[in-house]
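Notes for the one structure printed next.
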Amino acid sequence: MASVFLYHVVGDLTVGKPELEEFYETETIGSAIRAIRESTECGITVWKRKTHMGMAENNDTRQQRFVGILTSLDVVSFLAKPQCLEDQDKAMKTLVSDVVVPDNALLKIVDPGIRLIDALEMMKQGVRRLLVQKSTVWKGMSKRFSILYNGKWLKNVDNSSCNNLSINVSAPSSAASSASSSSSSTPPFMRNKFCCLSREDIIRFLIGCLGALAPLPLSSISSLGAINHNYSSIDASLPAAEATQKNPGDPSAFAIMESTPDGRHRILGEISVSKLWKCDYIAAAWALANLNAGQFIMGIEDNVSSRWLTDFNNNSLDNNVESTRPRKIGSMSSGYSPVSPTFGVGRGTYRGRSAPLTCKTTSSLAAVMAQMLSHRATHVWVTEGEDDDDVLVGVVGYADILVAVTSKPPSLSALTPRSIIELRLENHH
């Protein structure tokens, strides 16, 4: 295991992170849309309000107030319901508590002194956000052996969370009696200030430590076993609304597929939290409810007007917050291109930003990490074959990368000749 996981602590990743502003379940969907567009990993954490304002609360109480994570796909799926399309204004005023899926296990509160390896173990087991206490005492710099901080053995403040995950970060019995949390030195006025770390933050930190992770970054995702073959998919000829009836799991994405004559599958596009992140949610909901999956993904084009979009805008409520600006589907100014009722699939029928983010089975782990970060995507689809004939074999998401970087390094035989040269040069420097 790379030493970077043992010598660094979670506090190292919080430097410069803004203080968490809780988004409450009593807010409206309209407010949630604005918050999601500014969020990380295409979703926001949702909280219950404090029962007694102004009173200090411990970590257990705060953990109980966490409801779940609301994503862009959750919102679009909700707005695609017939009753929401009929009364968009009422739909936008719906409370978030009526839409978010409760899952208290998606977030854990941890001490800034918990080792990075322990944080990764939590995320490998399903945690998607870490709530870390901010402290003016914390300098954000680990010593080589940061398992000790200020002469005290580090342990998670939320011991119950660690026990549930079978993570032992406490000191041996000889040191346990004198052990205390690093948060004990936190000034009282800072103890209610937290920042939130996502899996994207972890990957961004790790990509700055590629040398310390060698030879893993230069190894292929196939040799590392990082390819997840249990992905969610929808046939291009089926209604796009199929995405509202299934749970895609992690990553939260559906591959839009077409079958090849030999029974394999090619990916044409995707319906995912990444693609819907900064979109016009009402327009996307209309398309999700009325088009098939192939038409839905073909519609994401640059600077193209569409007949259905014109009709949709004419029927939109004038006072709706979403109808006061040009319609957008995707993260760019665009519309859905006109499509004929008889939808013909094929890689040549669409282009541009609607194309899914893909890599090859031979792609290196570092290359896939860089792809995800540069596109702010939660996943990369994995294909094999030649360009127009490539077929989908799986997907690589945040969880798959976290498992790969903590796995046993492969032998040099798993590296390409070019990767071996790069690895030797890295070690030389």
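Every chain in the structure tokens has a letter given in the order shown (A, B, ...), and although residue numbers restart at 1 in each chain, ligands are simply numbered from 1 in the order shown.
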Closest atom pairs, residues of segment 211-278 of chain A within 9 Å of segment 367-374 of chain A, only C-alpha atoms, as a Markdown table:
| residue | atom | partner | partner_atom | distance |
| --- | --- | --- | --- | --- |
| A:Pro217 | CA | A:Ala367 | CA | 8.0 |
| A:Leu218 | CA | A:Ala367 | CA | 8.3 |
| A:Ile221 | CA | A:Val368 | CA | 8.3 |
Take the residues that were just selected and, keeping all heavy atoms, output them as a PDB file, in the first residue's frame.
ATOM      1  N   PRO A 217      -0.630   4.128 -11.115  1.00  0.00           N
ATOM      2  CA  PRO A 217      -1.198   5.069 -12.088  1.00  0.00           C
ATOM      3  C   PRO A 217      -0.920   4.694 -13.545  1.00  0.00           C
ATOM      4  O   PRO A 217      -1.717   5.006 -14.427  1.00  0.00           O
ATOM      5  CB  PRO A 217      -0.524   6.399 -11.722  1.00  0.00           C
ATOM      6  CG  PRO A 217      -0.142   6.244 -10.293  1.00  0.00           C
ATOM      7  CD  PRO A 217       0.246   4.815 -10.152  1.00  0.00           C
ATOM      8  N   LEU A 218       0.207   4.028 -13.810  1.00  0.00           N
ATOM      9  CA  LEU A 218       0.562   3.684 -15.183  1.00  0.00           C
ATOM     10  C   LEU A 218       0.034   2.317 -15.596  1.00  0.00           C
ATOM     11  O   LEU A 218       0.194   1.913 -16.745  1.00  0.00           O
ATOM     12  CB  LEU A 218       2.088   3.720 -15.348  1.00  0.00           C
ATOM     13  CG  LEU A 218       2.747   5.080 -15.093  1.00  0.00           C
ATOM     14  CD1 LEU A 218       4.247   5.004 -15.281  1.00  0.00           C
ATOM     15  CD2 LEU A 218       2.152   6.134 -16.016  1.00  0.00           C
ATOM     16  N   ILE A 221      -6.410  -0.075 -16.535  1.00  0.00           N
ATOM     17  CA  ILE A 221      -7.562  -0.294 -15.669  1.00  0.00           C
ATOM     18  C   ILE A 221      -7.995  -1.754 -15.704  1.00  0.00           C
ATOM     19  O   ILE A 221      -8.562  -2.265 -14.737  1.00  0.00           O
ATOM     20  CB  ILE A 221      -8.731   0.625 -16.069  1.00  0.00           C
ATOM     21  CG1 ILE A 221      -9.070   0.474 -17.551  1.00  0.00           C
ATOM     22  CG2 ILE A 221      -8.409   2.070 -15.733  1.00  0.00           C
ATOM     23  CD1 ILE A 221     -10.273   1.280 -17.999  1.00  0.00           C
TER      24      ILE A 221
END
Residues near Thr244 of chain A, anyone? I mean within 12 Å using only C-alpha atoms, not counting same-chain ones fewer than 6 positions away, as number ranges by chain. A: 73-81, 234, 252-254, 271-272, 285, 288-289, 293
Same residues, N, CA and C atoms, output as a PDB file, in the first residue's frame:
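Listing of out.pdb after writing:
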ATOM      1  N   LEU A  73     -30.344  13.930 -11.519  1.00  0.00           N
ATOM      2  CA  LEU A  73     -31.217  12.905 -12.090  1.00  0.00           C
ATOM      3  C   LEU A  73     -32.482  12.735 -11.257  1.00  0.00           C
ATOM      4  N   ASP A  74     -32.354  12.856  -9.930  1.00  0.00           N
ATOM      5  CA  ASP A  74     -33.528  12.786  -9.057  1.00  0.00           C
ATOM      6  C   ASP A  74     -34.531  13.881  -9.399  1.00  0.00           C
ATOM      7  N   VAL A  75     -34.014  15.087  -9.598  1.00  0.00           N
ATOM      8  CA  VAL A  75     -34.885  16.233  -9.861  1.00  0.00           C
ATOM      9  C   VAL A  75     -35.560  16.113 -11.220  1.00  0.00           C
ATOM     10  N   VAL A  76     -34.773  15.776 -12.256  1.00  0.00           N
ATOM     11  CA  VAL A  76     -35.347  15.657 -13.601  1.00  0.00           C
ATOM     12  C   VAL A  76     -36.377  14.533 -13.647  1.00  0.00           C
ATOM     13  N   SER A  77     -36.097  13.421 -12.980  1.00  0.00           N
ATOM     14  CA  SER A  77     -37.046  12.302 -12.945  1.00  0.00           C
ATOM     15  C   SER A  77     -38.351  12.719 -12.281  1.00  0.00           C
ATOM     16  N   PHE A  78     -38.255  13.520 -11.222  1.00  0.00           N
ATOM     17  CA  PHE A  78     -39.454  14.010 -10.539  1.00  0.00           C
ATOM     18  C   PHE A  78     -40.249  14.949 -11.440  1.00  0.00           C
ATOM     19  N   LEU A  79     -39.556  15.879 -12.096  1.00  0.00           N
ATOM     20  CA  LEU A  79     -40.232  16.855 -12.940  1.00  0.00           C
ATOM     21  C   LEU A  79     -40.825  16.226 -14.196  1.00  0.00           C
ATOM     22  N   ALA A  80     -40.373  15.012 -14.532  1.00  0.00           N
ATOM     23  CA  ALA A  80     -40.889  14.322 -15.715  1.00  0.00           C
ATOM     24  C   ALA A  80     -42.219  13.622 -15.447  1.00  0.00           C
ATOM     25  N   LYS A  81     -42.677  13.613 -14.206  1.00  0.00           N
ATOM     26  CA  LYS A  81     -43.964  13.003 -13.896  1.00  0.00           C
ATOM     27  C   LYS A  81     -45.093  13.810 -14.535  1.00  0.00           C
ATOM     28  N   ILE A 234     -30.034   1.226 -21.103  1.00  0.00           N
ATOM     29  CA  ILE A 234     -31.362   1.318 -21.704  1.00  0.00           C
ATOM     30  C   ILE A 234     -31.194   1.225 -23.212  1.00  0.00           C
ATOM     31  N   SER A 252     -24.313   6.938 -10.969  1.00  0.00           N
ATOM     32  CA  SER A 252     -25.712   7.209 -11.288  1.00  0.00           C
ATOM     33  C   SER A 252     -25.819   7.580 -12.764  1.00  0.00           C
ATOM     34  N   ALA A 253     -25.825   6.553 -13.614  1.00  0.00           N
ATOM     35  CA  ALA A 253     -25.804   6.767 -15.060  1.00  0.00           C
ATOM     36  C   ALA A 253     -26.382   5.566 -15.787  1.00  0.00           C
ATOM     37  N   PHE A 254     -27.057   5.850 -16.904  1.00  0.00           N
ATOM     38  CA  PHE A 254     -27.572   4.813 -17.790  1.00  0.00           C
ATOM     39  C   PHE A 254     -26.872   4.929 -19.136  1.00  0.00           C
ATOM     40  N   ILE A 271     -27.696   8.844 -20.087  1.00  0.00           N
ATOM     41  CA  ILE A 271     -28.549   9.679 -19.241  1.00  0.00           C
ATOM     42  C   ILE A 271     -27.958   9.572 -17.849  1.00  0.00           C
ATOM     43  N   SER A 272     -27.417  10.644 -17.329  1.00  0.00           N
ATOM     44  CA  SER A 272     -26.660  10.563 -16.085  1.00  0.00           C
ATOM     45  C   SER A 272     -26.725  11.872 -15.315  1.00  0.00           C
ATOM     46  N   ALA A 285     -36.838  17.392 -18.444  1.00  0.00           N
ATOM     47  CA  ALA A 285     -37.931  16.553 -17.943  1.00  0.00           C
ATOM     48  C   ALA A 285     -38.955  16.295 -19.038  1.00  0.00           C
ATOM     49  N   LEU A 288     -37.480  13.782 -21.357  1.00  0.00           N
ATOM     50  CA  LEU A 288     -37.413  12.471 -20.719  1.00  0.00           C
ATOM     51  C   LEU A 288     -38.772  11.780 -20.751  1.00  0.00           C
ATOM     52  N   ALA A 289     -39.839  12.569 -20.658  1.00  0.00           N
ATOM     53  CA  ALA A 289     -41.184  11.998 -20.612  1.00  0.00           C
ATOM     54  C   ALA A 289     -41.759  11.713 -21.990  1.00  0.00           C
ATOM     55  N   ALA A 293     -35.090   6.951 -25.736  1.00  0.00           N
ATOM     56  CA  ALA A 293     -33.736   7.194 -25.208  1.00  0.00           C
ATOM     57  C   ALA A 293     -32.784   7.683 -26.289  1.00  0.00           C
TER      58      ALA A 293
END
Restricting the calculation to only C-alpha atoms: of A:Thr378, A:Thr361, A:Gly385, A:Leu130, which residue gets closest to Asp118 of chain A?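 Under the stated criterion, the closest residue is A:Leu130.
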Query raised in the report: Nearest to Val273 of chain A among A:Thr61, A:Ser72, A:Ser219, A:Ser31, with distances taken over only C-alpha atoms: which residue is it?
Result: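 Closest to Val273 of chain A, using only C-alpha atoms: A:Ser72.
Here atom CA of Tyr24 of chain A and atom CA of Asp201 of chain A stand 23.1 Å from one another.
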Between A:Leu213, A:Ala236, A:Ala243, A:Leu13, smallest distance to Pro409 of chain A by only C-alpha atoms belongs to A:Leu213
